[in-house]
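Colleague: You'll find entry27.cif just under this line, and it carries mmCIF, C-alpha atoms and all ligand atoms.
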```cif
data_query
loop_
_atom_site.label_atom_id
_atom_site.label_comp_id
_atom_site.auth_asym_id
_atom_site.auth_seq_id
_atom_site.Cartn_x
_atom_site.Cartn_y
_atom_site.Cartn_z
CA MET U 1 0.00 0.00 0.00
CA GLU U 2 1.33 3.42 -0.94
CA THR U 3 1.04 6.46 1.30
CA PHE U 4 0.90 10.11 0.31
CA ASP U 5 0.52 13.51 1.99
CA VAL U 6 -2.63 14.41 0.03
CA ILE U 7 -4.94 12.49 -2.30
CA VAL U 8 -6.90 14.58 -4.82
CA LEU U 9 -9.99 12.77 -6.02
CA GLY U 10 -11.12 13.98 -9.48
CA LEU U 11 -8.70 15.69 -11.88
CA GLY U 12 -11.07 17.95 -13.82
CA GLY U 13 -10.79 21.72 -13.62
CA MET U 14 -10.67 22.09 -9.85
CA GLY U 15 -8.85 18.87 -8.94
CA SER U 16 -6.08 19.38 -11.50
CA SER U 17 -5.50 22.84 -10.08
CA ALA U 18 -5.50 21.56 -6.48
CA ALA U 19 -3.01 18.82 -7.44
CA TYR U 20 -0.72 21.41 -9.00
CA HIS U 21 -0.87 23.86 -6.08
CA LEU U 22 -0.32 21.10 -3.52
CA ALA U 23 2.60 19.58 -5.43
CA ALA U 24 4.11 23.07 -5.86
CA ARG U 25 4.04 23.39 -2.06
CA GLY U 26 6.17 20.28 -1.74
CA GLN U 27 3.42 17.79 -0.90
CA ARG U 28 3.53 14.15 -2.03
CA VAL U 29 0.32 14.17 -4.08
CA LEU U 30 -1.71 11.32 -5.56
CA GLY U 31 -4.34 12.35 -8.10
CA LEU U 32 -7.05 9.83 -9.01
CA GLU U 33 -9.24 10.32 -12.08
CA ARG U 34 -12.15 8.20 -13.33
CA HIS U 35 -11.52 9.05 -17.01
CA GLY U 36 -8.50 10.14 -19.10
CA PRO U 37 -6.67 13.51 -18.94
CA ALA U 38 -8.81 16.53 -20.03
CA HIS U 39 -11.75 14.28 -21.00
CA ASP U 40 -15.21 15.31 -22.22
CA ARG U 41 -17.43 13.24 -19.88
CA GLY U 42 -17.68 15.79 -17.03
CA THR U 43 -17.74 19.57 -16.91
CA SER U 44 -14.42 20.95 -18.16
CA HIS U 45 -14.58 20.61 -21.95
CA GLY U 46 -15.92 22.41 -25.02
CA GLY U 47 -12.99 24.64 -26.01
CA SER U 48 -14.01 27.85 -24.25
CA ARG U 49 -15.37 29.28 -21.00
CA ILE U 50 -16.37 32.87 -20.30
CA THR U 51 -14.30 34.85 -17.82
CA ARG U 52 -15.29 38.25 -16.43
CA GLN U 53 -14.82 40.32 -13.28
CA SER U 54 -18.01 42.44 -13.15
CA TYR U 55 -19.78 39.49 -11.56
CA PHE U 56 -23.59 39.75 -11.66
CA GLU U 57 -24.00 36.72 -9.39
CA ASP U 58 -22.60 38.54 -6.31
CA PRO U 59 -19.88 41.15 -5.64
CA ALA U 60 -18.37 38.71 -3.10
CA TYR U 61 -16.81 36.82 -6.04
CA VAL U 62 -14.79 39.83 -7.26
CA PRO U 63 -11.73 39.56 -4.96
CA LEU U 64 -11.42 35.90 -5.96
CA LEU U 65 -11.55 36.90 -9.62
CA LEU U 66 -8.86 39.52 -9.15
CA ARG U 67 -6.59 36.82 -7.72
CA ALA U 68 -7.71 34.30 -10.36
CA TYR U 69 -6.63 36.67 -13.14
CA GLU U 70 -3.11 36.89 -11.64
CA LEU U 71 -2.96 33.11 -11.41
CA TRP U 72 -4.28 32.65 -14.98
CA GLU U 73 -1.36 34.77 -16.21
CA ALA U 74 1.10 32.71 -14.18
CA LEU U 75 -0.40 29.38 -15.31
CA GLY U 76 -0.20 30.39 -18.98
CA HIS U 77 3.36 31.55 -18.53
CA ASP U 78 4.56 28.55 -16.54
CA SER U 79 2.90 25.96 -18.79
CA GLY U 80 3.71 27.70 -22.08
CA ARG U 81 0.08 27.17 -23.14
CA ASP U 82 -2.37 29.65 -24.58
CA LEU U 83 -5.09 29.67 -21.92
CA MET U 84 -6.81 33.05 -22.04
CA ASP U 85 -8.08 35.58 -24.61
CA LEU U 86 -9.35 38.83 -23.11
CA CYS U 87 -11.42 39.86 -26.13
CA GLY U 88 -13.83 41.95 -24.01
CA GLY U 89 -17.34 41.11 -22.84
CA LEU U 90 -20.85 42.55 -23.06
CA MET U 91 -23.53 41.90 -20.44
CA LEU U 92 -26.80 42.69 -22.19
CA GLY U 93 -30.44 43.11 -21.26
CA ALA U 94 -32.93 45.54 -19.76
CA PRO U 95 -31.28 48.06 -17.40
CA ASP U 96 -32.85 46.36 -14.36
CA SER U 97 -32.06 42.78 -15.46
CA LEU U 98 -29.81 40.71 -13.18
CA THR U 99 -27.21 40.44 -15.95
CA VAL U 100 -26.87 44.21 -16.40
CA ALA U 101 -27.75 45.54 -12.94
CA GLY U 102 -25.81 42.83 -11.10
CA SER U 103 -22.70 43.36 -13.25
CA ARG U 104 -22.96 47.11 -12.68
CA ARG U 105 -23.24 46.63 -8.93
CA SER U 106 -20.07 44.52 -8.79
CA SER U 107 -18.20 46.94 -11.05
CA GLU U 108 -19.18 49.98 -9.00
CA GLN U 109 -18.56 48.32 -5.65
CA TRP U 110 -15.06 47.21 -6.66
CA GLY U 111 -14.12 50.11 -8.94
CA LEU U 112 -13.75 47.84 -11.99
CA PRO U 113 -13.32 49.62 -15.34
CA HIS U 114 -16.51 49.33 -17.41
CA GLU U 115 -18.67 51.22 -19.90
CA ILE U 116 -22.46 51.41 -20.07
CA LEU U 117 -23.60 51.40 -23.72
CA ASP U 118 -27.09 52.12 -25.07
CA ALA U 119 -28.63 50.04 -27.86
CA ALA U 120 -27.50 52.38 -30.65
CA GLU U 121 -23.92 52.43 -29.38
CA ILE U 122 -23.86 48.63 -29.09
CA ARG U 123 -25.07 48.28 -32.70
CA ARG U 124 -22.43 50.78 -33.85
CA ARG U 125 -19.48 49.19 -32.04
CA PHE U 126 -20.53 45.56 -32.34
CA PRO U 127 -22.47 45.23 -35.61
CA ASN U 128 -23.18 41.51 -35.15
CA LEU U 129 -25.45 42.36 -32.19
CA ALA U 130 -28.97 43.79 -32.54
CA PRO U 131 -30.31 44.82 -29.12
CA ARG U 132 -33.86 46.06 -28.74
CA PRO U 133 -34.21 49.84 -28.14
CA HIS U 134 -34.77 49.45 -24.37
CA GLU U 135 -31.78 47.13 -23.87
CA ILE U 136 -28.35 48.30 -22.72
CA GLY U 137 -24.99 46.66 -22.20
CA LEU U 138 -22.18 46.76 -19.70
CA PHE U 139 -18.91 46.40 -21.60
CA GLU U 140 -15.92 45.05 -19.72
CA ARG U 141 -12.60 45.16 -21.55
CA LYS U 142 -11.03 42.56 -19.23
CA ALA U 143 -13.71 39.95 -19.88
CA GLY U 144 -13.05 37.21 -22.42
CA LEU U 145 -12.50 33.50 -22.48
CA VAL U 146 -10.35 30.75 -21.06
CA ARG U 147 -9.62 27.33 -22.59
CA PRO U 148 -10.82 24.42 -20.41
CA GLU U 149 -8.98 21.42 -21.89
CA GLU U 150 -5.71 23.35 -22.23
CA THR U 151 -6.08 24.53 -18.63
CA VAL U 152 -6.55 21.00 -17.28
CA ARG U 153 -3.54 19.83 -19.31
CA ALA U 154 -1.47 22.76 -18.02
CA ASN U 155 -2.31 21.89 -14.41
CA LEU U 156 -1.65 18.18 -14.93
CA ASP U 157 1.70 18.80 -16.66
CA LEU U 158 2.87 21.16 -13.93
CA ALA U 159 1.63 18.88 -11.14
CA SER U 160 3.58 15.96 -12.68
CA ALA U 161 6.64 18.14 -13.10
CA LYS U 162 6.45 18.92 -9.36
CA GLY U 163 6.38 15.21 -8.56
CA ALA U 164 2.64 14.41 -8.29
CA THR U 165 1.55 10.84 -9.08
CA LEU U 166 -1.48 11.00 -11.39
CA ARG U 167 -3.54 7.91 -12.12
CA PHE U 168 -6.15 7.99 -14.89
CA GLU U 169 -8.96 5.54 -15.69
CA GLU U 170 -8.85 4.63 -11.99
CA PRO U 171 -12.09 5.64 -10.27
CA ALA U 172 -12.23 5.84 -6.50
CA LEU U 173 -14.75 3.22 -5.34
CA SER U 174 -14.97 4.51 -1.77
CA TRP U 175 -13.17 6.76 0.71
CA THR U 176 -12.96 6.88 4.49
CA SER U 177 -11.44 9.24 7.03
CA GLY U 178 -10.36 8.78 10.63
CA PRO U 179 -8.26 10.53 13.25
CA GLY U 180 -5.02 9.40 11.59
CA GLY U 181 -5.85 10.34 8.02
CA VAL U 182 -7.78 9.08 5.01
CA SER U 183 -7.88 6.09 2.71
CA VAL U 184 -9.25 5.71 -0.80
CA ARG U 185 -10.04 2.38 -2.43
CA THR U 186 -9.91 1.72 -6.18
CA ALA U 187 -9.99 -1.50 -8.20
CA GLN U 188 -6.16 -1.38 -8.14
CA GLY U 189 -5.72 -1.04 -4.39
CA THR U 190 -6.10 1.15 -1.32
CA TYR U 191 -4.15 4.38 -0.87
CA ARG U 192 -3.57 6.22 2.40
CA ALA U 193 -2.80 9.88 3.00
CA GLY U 194 -2.95 12.56 5.65
CA GLU U 195 -5.51 14.61 3.71
CA LEU U 196 -8.13 14.10 1.00
CA VAL U 197 -9.40 16.78 -1.41
CA ILE U 198 -12.58 15.80 -3.28
CA CYS U 199 -13.38 17.64 -6.55
CA PRO U 200 -16.09 15.39 -8.03
CA GLY U 201 -17.89 17.70 -10.49
CA PRO U 202 -21.25 16.11 -11.40
CA TRP U 203 -20.39 12.97 -9.43
CA ALA U 204 -20.92 15.02 -6.22
CA PRO U 205 -24.26 13.36 -5.35
CA GLU U 206 -22.50 9.98 -5.40
CA LEU U 207 -19.18 10.85 -3.72
CA LEU U 208 -20.44 13.44 -1.25
CA ALA U 209 -23.87 12.08 -0.34
CA ASP U 210 -23.38 12.74 3.37
CA LEU U 211 -22.45 16.39 2.85
CA GLY U 212 -26.17 17.10 3.09
CA VAL U 213 -26.28 19.46 0.09
CA PRO U 214 -29.12 18.62 -2.33
CA PHE U 215 -27.17 19.00 -5.59
CA SER U 216 -29.04 18.99 -8.86
CA VAL U 217 -27.10 17.90 -11.95
CA GLU U 218 -28.34 19.61 -15.11
CA ARG U 219 -27.81 18.66 -18.78
CA GLN U 220 -26.53 21.53 -20.89
CA ALA U 221 -25.77 21.62 -24.61
CA GLN U 222 -23.19 23.81 -26.37
CA TYR U 223 -23.73 24.57 -30.09
CA TRP U 224 -21.25 25.58 -32.78
CA PHE U 225 -22.54 27.43 -35.86
CA GLN U 226 -20.94 28.66 -39.06
CA PRO U 227 -22.21 32.27 -39.41
CA ALA U 228 -24.05 33.01 -42.67
CA GLY U 229 -21.32 35.42 -43.83
CA GLY U 230 -18.35 33.35 -42.59
CA VAL U 231 -16.34 33.73 -39.40
CA GLU U 232 -14.37 36.90 -40.27
CA ALA U 233 -16.81 39.33 -38.62
CA TYR U 234 -16.80 37.16 -35.49
CA LEU U 235 -13.06 36.96 -34.84
CA PRO U 236 -11.99 37.93 -31.29
CA ASP U 237 -10.71 41.37 -32.34
CA ARG U 238 -14.26 42.31 -33.42
CA GLN U 239 -16.62 40.12 -31.43
CA PRO U 240 -16.64 40.07 -27.61
CA ILE U 241 -18.12 37.33 -25.47
CA PHE U 242 -21.69 38.19 -24.48
CA ILE U 243 -24.32 37.14 -21.94
CA TRP U 244 -27.75 38.31 -22.97
CA GLU U 245 -30.75 38.24 -20.66
CA GLY U 246 -34.06 38.10 -22.51
CA PRO U 247 -37.47 37.12 -21.17
CA PRO U 248 -37.38 36.44 -17.40
CA GLY U 249 -35.13 33.51 -16.58
CA THR U 250 -33.45 33.23 -19.98
CA GLN U 251 -29.82 34.04 -20.63
CA VAL U 252 -28.06 33.12 -23.85
CA TYR U 253 -24.32 33.54 -24.25
CA GLY U 254 -21.78 33.37 -27.02
CA PHE U 255 -18.11 33.51 -27.95
CA PRO U 256 -16.09 34.90 -30.82
CA ALA U 257 -15.05 32.53 -33.64
CA LEU U 258 -12.14 30.37 -32.45
CA ASP U 259 -10.01 27.61 -33.93
CA GLY U 260 -9.81 28.69 -37.58
CA PRO U 261 -12.29 29.04 -40.43
CA ASP U 262 -14.08 25.76 -39.60
CA GLY U 263 -14.11 26.23 -35.84
CA GLY U 264 -17.38 28.17 -35.87
CA VAL U 265 -18.99 30.29 -33.19
CA LYS U 266 -20.14 28.69 -29.94
CA VAL U 267 -23.42 29.70 -28.31
CA ALA U 268 -25.51 28.20 -25.51
CA PHE U 269 -28.24 28.84 -23.00
CA PHE U 270 -27.28 29.46 -19.39
CA ARG U 271 -29.41 27.24 -17.10
CA GLY U 272 -32.82 25.75 -17.85
CA GLY U 273 -31.57 22.25 -18.75
CA GLU U 274 -33.15 18.99 -17.67
CA VAL U 275 -32.08 17.15 -14.50
CA THR U 276 -29.73 14.24 -15.21
CA THR U 277 -26.79 12.19 -13.90
CA PRO U 278 -23.34 11.48 -15.41
CA GLU U 279 -24.42 7.87 -16.05
CA THR U 280 -27.81 8.55 -17.63
CA ILE U 281 -27.31 11.83 -19.52
CA ASP U 282 -28.52 11.90 -23.13
CA ARG U 283 -25.34 13.01 -24.94
CA SER U 284 -27.02 13.30 -28.32
CA ILE U 285 -27.90 16.78 -29.62
CA ARG U 286 -31.56 16.96 -30.58
CA PRO U 287 -32.84 18.78 -33.68
CA GLY U 288 -35.45 20.59 -31.55
CA GLU U 289 -32.86 22.16 -29.27
CA ILE U 290 -30.70 23.31 -32.18
CA ALA U 291 -33.78 24.96 -33.68
CA ALA U 292 -34.65 26.59 -30.33
CA VAL U 293 -31.26 28.24 -29.84
CA ALA U 294 -31.16 29.36 -33.49
CA ALA U 295 -34.64 30.89 -33.15
CA HIS U 296 -33.70 32.67 -29.92
CA LEU U 297 -30.67 34.25 -31.64
CA ALA U 298 -32.41 35.06 -34.93
CA ASP U 299 -33.23 38.68 -34.10
CA ARG U 300 -30.45 39.23 -31.52
CA VAL U 301 -27.35 38.03 -33.39
CA PRO U 302 -29.01 37.71 -36.81
CA GLY U 303 -26.23 36.17 -38.89
CA VAL U 304 -24.74 33.83 -36.36
CA ALA U 305 -26.80 30.65 -36.68
CA GLY U 306 -26.11 30.16 -40.39
CA ARG U 307 -25.23 26.47 -40.48
CA PHE U 308 -25.15 24.10 -37.52
CA LEU U 309 -21.71 22.50 -37.24
CA ARG U 310 -21.77 20.38 -34.09
CA GLY U 311 -22.97 20.19 -30.52
CA LYS U 312 -21.72 18.76 -27.27
CA THR U 313 -23.39 18.13 -23.95
CA CYS U 314 -21.98 19.10 -20.57
CA MET U 315 -23.36 19.18 -17.01
CA TYR U 316 -23.90 21.83 -14.37
CA THR U 317 -23.79 20.68 -10.74
CA ASN U 318 -26.12 23.14 -9.05
CA SER U 319 -26.25 23.93 -5.36
CA PRO U 320 -29.62 25.18 -4.10
CA ASP U 321 -28.53 28.87 -4.20
CA THR U 322 -26.16 28.39 -7.19
CA HIS U 323 -23.16 29.52 -5.12
CA PHE U 324 -20.12 27.23 -4.88
CA VAL U 325 -19.57 24.72 -2.06
CA ILE U 326 -15.96 24.94 -0.84
CA GLY U 327 -14.63 24.09 2.60
CA ARG U 328 -13.59 21.45 5.09
CA HIS U 329 -16.06 18.54 5.15
CA PRO U 330 -18.22 19.18 8.23
CA GLY U 331 -18.59 15.45 8.95
CA HIS U 332 -15.06 14.17 8.29
CA ALA U 333 -11.67 15.23 9.61
CA HIS U 334 -8.91 15.61 6.99
CA VAL U 335 -11.34 16.02 4.06
CA THR U 336 -11.77 19.16 1.93
CA VAL U 337 -14.48 19.54 -0.73
CA ALA U 338 -15.00 21.72 -3.82
CA CYS U 339 -18.24 21.18 -5.71
CA GLY U 340 -21.58 22.69 -6.69
CA PHE U 341 -19.98 25.11 -9.16
CA SER U 342 -23.44 25.63 -10.68
CA GLY U 343 -22.32 26.35 -14.25
CA HIS U 344 -20.02 29.27 -13.49
CA GLY U 345 -16.90 27.84 -11.87
CA PHE U 346 -14.29 27.52 -14.58
CA LYS U 347 -12.98 31.09 -14.49
CA PHE U 348 -12.05 30.43 -10.82
CA VAL U 349 -10.04 27.24 -11.45
CA PRO U 350 -6.60 28.64 -10.49
CA VAL U 351 -7.78 30.40 -7.33
CA VAL U 352 -9.85 27.40 -6.23
CA GLY U 353 -6.68 25.29 -6.47
CA GLU U 354 -4.91 27.78 -4.25
CA ILE U 355 -7.79 27.79 -1.74
CA LEU U 356 -7.94 23.98 -1.64
CA ALA U 357 -4.20 23.77 -0.98
CA ASP U 358 -4.61 26.29 1.88
CA LEU U 359 -7.52 24.35 3.39
CA ALA U 360 -5.89 20.93 3.09
CA LEU U 361 -2.59 22.07 4.60
CA THR U 362 -3.69 24.56 7.28
CA GLY U 363 -7.45 24.10 7.68
CA ARG U 364 -8.03 27.72 6.69
CA THR U 365 -7.51 30.23 3.88
CA GLY U 366 -7.04 33.98 3.67
CA HIS U 367 -9.42 34.12 0.69
CA PRO U 368 -13.01 35.25 1.37
CA ILE U 369 -15.04 32.03 0.97
CA GLY U 370 -17.83 32.61 3.49
CA LEU U 371 -20.45 32.50 0.71
CA PHE U 372 -19.41 28.91 -0.10
CA ASP U 373 -19.82 27.36 3.38
CA PRO U 374 -20.87 23.70 2.96
CA LEU U 375 -23.21 24.00 5.96
CA ARG U 376 -25.35 26.83 4.59
CA PRO U 377 -28.07 24.70 2.91
CA ARG U 378 -28.66 22.92 6.25
CA ASP U 379 -28.61 26.22 8.13
CA ALA U 380 -31.12 27.69 5.68
CA ALA U 381 -33.42 24.67 6.02
CA ALA U 382 -33.21 24.79 9.83
CA SER U 383 -34.13 28.48 10.00
CA SER U 384 -37.07 28.28 7.58
C1 LIG H 401 -21.92 23.90 -21.01
C2 LIG H 401 -21.14 24.49 -19.88
C3 LIG H 401 -20.74 25.81 -20.00
C4 LIG H 401 -20.02 26.42 -18.96
N1 LIG H 401 -19.62 27.71 -19.13
C5 LIG H 401 -18.88 28.31 -18.17
C6 LIG H 401 -18.36 29.60 -18.40
O1 LIG H 401 -18.56 30.19 -19.47
N2 LIG H 401 -17.59 30.16 -17.43
C7 LIG H 401 -17.33 29.51 -16.25
O2 LIG H 401 -16.64 30.08 -15.41
N3 LIG H 401 -17.80 28.27 -16.02
C8 LIG H 401 -18.57 27.65 -16.95
N4 LIG H 401 -19.04 26.38 -16.76
C9 LIG H 401 -18.81 25.71 -15.47
C10 LIG H 401 -17.43 25.12 -15.34
O3 LIG H 401 -17.04 24.49 -16.53
C11 LIG H 401 -17.44 24.17 -14.13
O4 LIG H 401 -17.83 24.90 -12.99
C12 LIG H 401 -16.09 23.52 -13.92
O5 LIG H 401 -15.62 22.91 -15.09
C13 LIG H 401 -16.21 22.49 -12.79
O6 LIG H 401 -14.99 21.78 -12.65
P1 LIG H 401 -14.92 20.54 -11.63
O7 LIG H 401 -13.50 20.24 -11.46
O8 LIG H 401 -15.76 20.84 -10.45
O9 LIG H 401 -15.68 19.36 -12.40
P2 LIG H 401 -15.10 18.35 -13.54
O10 LIG H 401 -14.23 19.10 -14.47
O11 LIG H 401 -16.27 17.62 -14.08
O12 LIG H 401 -14.17 17.40 -12.72
C14 LIG H 401 -14.63 16.37 -11.87
C15 LIG H 401 -13.75 15.17 -12.12
O13 LIG H 401 -13.95 14.18 -11.14
C16 LIG H 401 -13.78 12.94 -11.78
N5 LIG H 401 -14.39 11.91 -10.94
C17 LIG H 401 -15.69 11.78 -10.62
N6 LIG H 401 -15.89 10.70 -9.84
C18 LIG H 401 -14.67 10.14 -9.65
C19 LIG H 401 -14.22 9.00 -8.92
N7 LIG H 401 -15.07 8.22 -8.24
N8 LIG H 401 -12.90 8.71 -8.95
C20 LIG H 401 -12.03 9.48 -9.66
N9 LIG H 401 -12.43 10.57 -10.36
C21 LIG H 401 -13.72 10.89 -10.34
C22 LIG H 401 -14.49 13.13 -13.11
O14 LIG H 401 -14.14 12.16 -14.07
C23 LIG H 401 -14.03 14.52 -13.47
O15 LIG H 401 -12.85 14.52 -14.26
C24 LIG H 401 -19.74 25.71 -17.78
C25 LIG H 401 -20.13 24.38 -17.66
C26 LIG H 401 -20.81 23.77 -18.71
C27 LIG H 401 -21.24 22.36 -18.55
#
```
Translate the structure of the given file into structure tokens.
Ligand SMILES: Cc1cc2nc3c(=O)[nH]c(=O)nc-3n(C[C@H](O)[C@H](O)[C@H](O)COP(=O)(O)OP(=O)(O)OC[C@H]3O[C@@H](n4cnc5c(N)ncnc54)[C@H](O)[C@@H]3O)c2cc1C

Modeller:
Amino acid sequence: METFDVIVLGLGGMGSSAAYHLAARGQRVLGLERHGPAHDRGTSHGGSRITRQSYFEDPAYVPLLLRAYELWEALGHDSGRDLMDLCGGLMLGAPDSLTVAGSRRSSEQWGLPHEILDAAEIRRRFPNLAPRPHEIGLFERKAGLVRPEETVRANLDLASAKGATLRFEEPALSWTSGPGGVSVRTAQGTYRAGELVICPGPWAPELLADLGVPFSVERQAQYWFQPAGGVEAYLPDRQPIFIWEGPPGTQVYGFPALDGPDGGVKVAFFRGGEVTTPETIDRSIRPGEIAAVAAHLADRVPGVAGRFLRGKTCMYTNSPDTHFVIGRHPGHAHVTVACGFSGHGFKFVPVVGEILADLALTGRTGHPIGLFDPLRPRDAAASS
């Protein structure tokens, strides 16, 4: 039986980052992953993820984003990989929509550079976009995109280079913790360590059942289209990322054209998918859902949905309030958890790795993570 300082269970976005940060701090790390490196069966795939600082979800995320941006730079530099493209970002909708008003609140509270554009100005500066007269946009120059698969590979490469042992296609079958440390069992054997960090993505309901958080795993599809007039007008120097709030509860988002003339433009709906599990998800892309996203974009980004190229499913792992769940496991000594990223976690990958290393090694972190307390769903239920 082999022993380690820390076992990281799950090497997707968050776990690969935790493995890297822990190995960089001199820990003997074992990483265990159910699938292969940078796979497409979980949550961290699809070529692009939005990043932004004017965070409509809550201003409490902003200090983490400021640190994440520093760490994104360092990760790109240290890995030699192209991880980030700050092509700018537009948050669009009615002035009082969550997307616009929430982004404005975070920007103002934290003094983040931003511009408020009316519909005519948006049409002038970004001719692919056709907002309605009452809609406005918050433009953030430092928004853009990060590359999920490249990021996972960067973390895995650097973790290995710092001495981490990474085992793929080796799912953890069970884990236990006791006063002396933790053990994790796989089909190949049992591993012991002082600490365990669990980053399960959509397998959270299975691996963290006794956390007491009622996670809901949601199927989400990403769609790539060839714009009617070709990709030139959608290249990152002309087309920002956007999140566009329409009728109550609907947000559609999109990226510039990436990956050459045949790469297409990726668009998707934020939230509103059906409940699923990683084992039962329908990974096919249905004609009806392609038609629905194309129809939704027809008068907003009129040329974009020219020809459907391909689609890919993914999963959100939602917590009840859609805020992350990060902390020491309340029921088990020596166990740290990071889950419930609710469809908006990727831009935080480097800072979450730093936080998880802090928590595993010292039991605390200097980062403000009060919003992510694993006990809050129970506290909320008890007080209602
Ligand atoms: C369609 C879509 C669009 C998104 N867009 C954005 C965006 O624009 N911006 C943004 O910031 N975020 C976005 N997100 C969210 C973001 O991608 C996730 O929050 C993030 O990838 C979560 O990473 P994770 O490490 O928690 O999960 P994962 O990357 O899924 O990692 C979990 C890992 O655990 C492994 N695992 C599970 N069980 C076991 C086991 N028993 N043993 C060993 N390994 C195991 C899995 O195989 C997996 O590799 C999006 C998500 C989706 C699905």

Colleague: Please identify every polymer residue within 6 Å of ligand LIG 401 (chain H), using only C-alpha atoms and all ligand atoms, and present the set as a compact mmCIF listing (two decimals) with C-alpha atoms, in the frame of the given file.

Modeller:
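Result written to part_5.txt:
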```txt
# COMPACT_ATOMS: atom_id res chain seq x y z
CA LEU U 9 -9.99 12.77 -6.02
CA GLY U 10 -11.12 13.98 -9.48
CA LEU U 11 -8.70 15.69 -11.88
CA GLY U 12 -11.07 17.95 -13.82
CA GLY U 13 -10.79 21.72 -13.62
CA MET U 14 -10.67 22.09 -9.85
CA GLY U 15 -8.85 18.87 -8.94
CA LEU U 32 -7.05 9.83 -9.01
CA GLU U 33 -9.24 10.32 -12.08
CA ARG U 34 -12.15 8.20 -13.33
CA HIS U 35 -11.52 9.05 -17.01
CA GLY U 42 -17.68 15.79 -17.03
CA THR U 43 -17.74 19.57 -16.91
CA SER U 44 -14.42 20.95 -18.16
CA ARG U 49 -15.37 29.28 -21.00
CA ILE U 50 -16.37 32.87 -20.30
CA THR U 51 -14.30 34.85 -17.82
CA PRO U 171 -12.09 5.64 -10.27
CA ALA U 172 -12.23 5.84 -6.50
CA LEU U 173 -14.75 3.22 -5.34
CA CYS U 199 -13.38 17.64 -6.55
CA PRO U 200 -16.09 15.39 -8.03
CA GLY U 201 -17.89 17.70 -10.49
CA PRO U 202 -21.25 16.11 -11.40
CA TRP U 203 -20.39 12.97 -9.43
CA GLN U 220 -26.53 21.53 -20.89
CA ALA U 221 -25.77 21.62 -24.61
CA GLN U 222 -23.19 23.81 -26.37
CA CYS U 314 -21.98 19.10 -20.57
CA MET U 315 -23.36 19.18 -17.01
CA TYR U 316 -23.90 21.83 -14.37
CA CYS U 339 -18.24 21.18 -5.71
CA PHE U 341 -19.98 25.11 -9.16
CA GLY U 343 -22.32 26.35 -14.25
CA HIS U 344 -20.02 29.27 -13.49
CA GLY U 345 -16.90 27.84 -11.87
CA PHE U 346 -14.29 27.52 -14.58
CA LYS U 347 -12.98 31.09 -14.49
```

Colleague: Using only C-alpha atoms, which residues sit within 12 Å of Ala294 in chain U once same-chain residues fewer than 2 positions away are excluded, as a list in words?

Modeller: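 Neighbouring residues, sequence-local ones excluded: Tyr223, Trp224, Phe225, Gln226, Pro227, Val252, Lys266, Val267, Ala268, Phe269, Pro287, Gly288, Glu289, Ile290, Ala291, Ala292, His296, Leu297, Ala298, Asp299, Arg300, Val301, Pro302, Gly303, Val304, Ala305, Gly306, Arg307 and Phe308 of chain U.
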
Colleague: Can you pull out every residue within 8 Å of Ser107 in chain U, counting all atoms listed in the file, but drop anything in the same chain fewer than 4 positions away, and send it as a list in words?

Modeller: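 Contacts, in chain order: Gln53, Ser54, Tyr55, Ser103, Gly111, Leu112, Pro113 and His114 of chain U.
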
Colleague: Which value, in Å to one decimal, gives the distance between CA of Gly89 in chain U and CA of Ser16 in chain U?

Modeller: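 Value for the CA of Gly89 in chain U-CA of Ser16 in chain U distance: 27.0 Å.
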
Colleague: As a PyMOL selection string, please: the residues near Asp259 in chain U (cut-off 12 Å, all atoms listed in the file, same-chain neighbours under 6 positions excluded).

Modeller: chain U and resi 46-48+147+224+231+234-236+265-266

Colleague: Which is closest to Gly80 in chain U among U:Ala143, U:Ala60, U:Ala101, U:Arg153, if we use only C-alpha atoms?

Modeller: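 Checking each candidate against Gly80 in chain U, we get U:Arg153 as the closest.
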
Colleague: Kindly give the distance, in Å, that separates CA of Ile116 in chain U and CA of Thr99 in chain U, rounded to a single decimal.

Modeller: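 Straight-line distance from CA of Ile116 in chain U to CA of Thr99 in chain U works out to 12.6 Å.
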
Colleague: Against range 332-335 of chain U, which residues of range 157-184 of chain U fall within 12 Å? For each one I want the closest pair of atoms and the distance in Å (one decimal), counting all atoms listed in the file, rows by chain and increasing residue number, as a Markdown table.

Modeller:
```
| residue | atom | partner | partner_atom | distance |
| --- | --- | --- | --- | --- |
| U:Trp175 | CA | U:Val335 | CA | 10.0 |
| U:Thr176 | CA | U:His332 | CA | 8.5 |
| U:Ser177 | CA | U:His332 | CA | 6.2 |
| U:Gly178 | CA | U:Ala333 | CA | 6.7 |
| U:Pro179 | CA | U:Ala333 | CA | 6.9 |
| U:Gly180 | CA | U:His334 | CA | 8.7 |
| U:Gly181 | CA | U:His334 | CA | 6.2 |
| U:Val182 | CA | U:His334 | CA | 6.9 |
| U:Ser183 | CA | U:His334 | CA | 10.5 |
| U:Val184 | CA | U:Val335 | CA | 11.6 |
```

Colleague: Looking at U:Val352, U:Leu30, U:Ala130, U:Val293, which one is nearest to Leu64 in chain U, with distances taken over only C-alpha atoms?

Modeller: U:Val352

Colleague: Rounded to one decimal place, report the CA of Ala161 in chain U-CA of Glu354 in chain U distance in Å.

Modeller: 17.5 Å

Colleague: Fewer than 4 positions away in the same chain doesn't count, so skip those; otherwise give me all residues within 10 Å of Val217 in chain U, counting only C-alpha atoms, as a list in words.

Modeller: Gly201, Pro202, Trp203, Ala204, Pro205, Gly273, Glu274, Val275, Thr276, Thr277, Pro278, Ile281, Met315, Tyr316, Thr317, Asn318, Ser319, Gly340, Ser342 and Gly343 of chain U
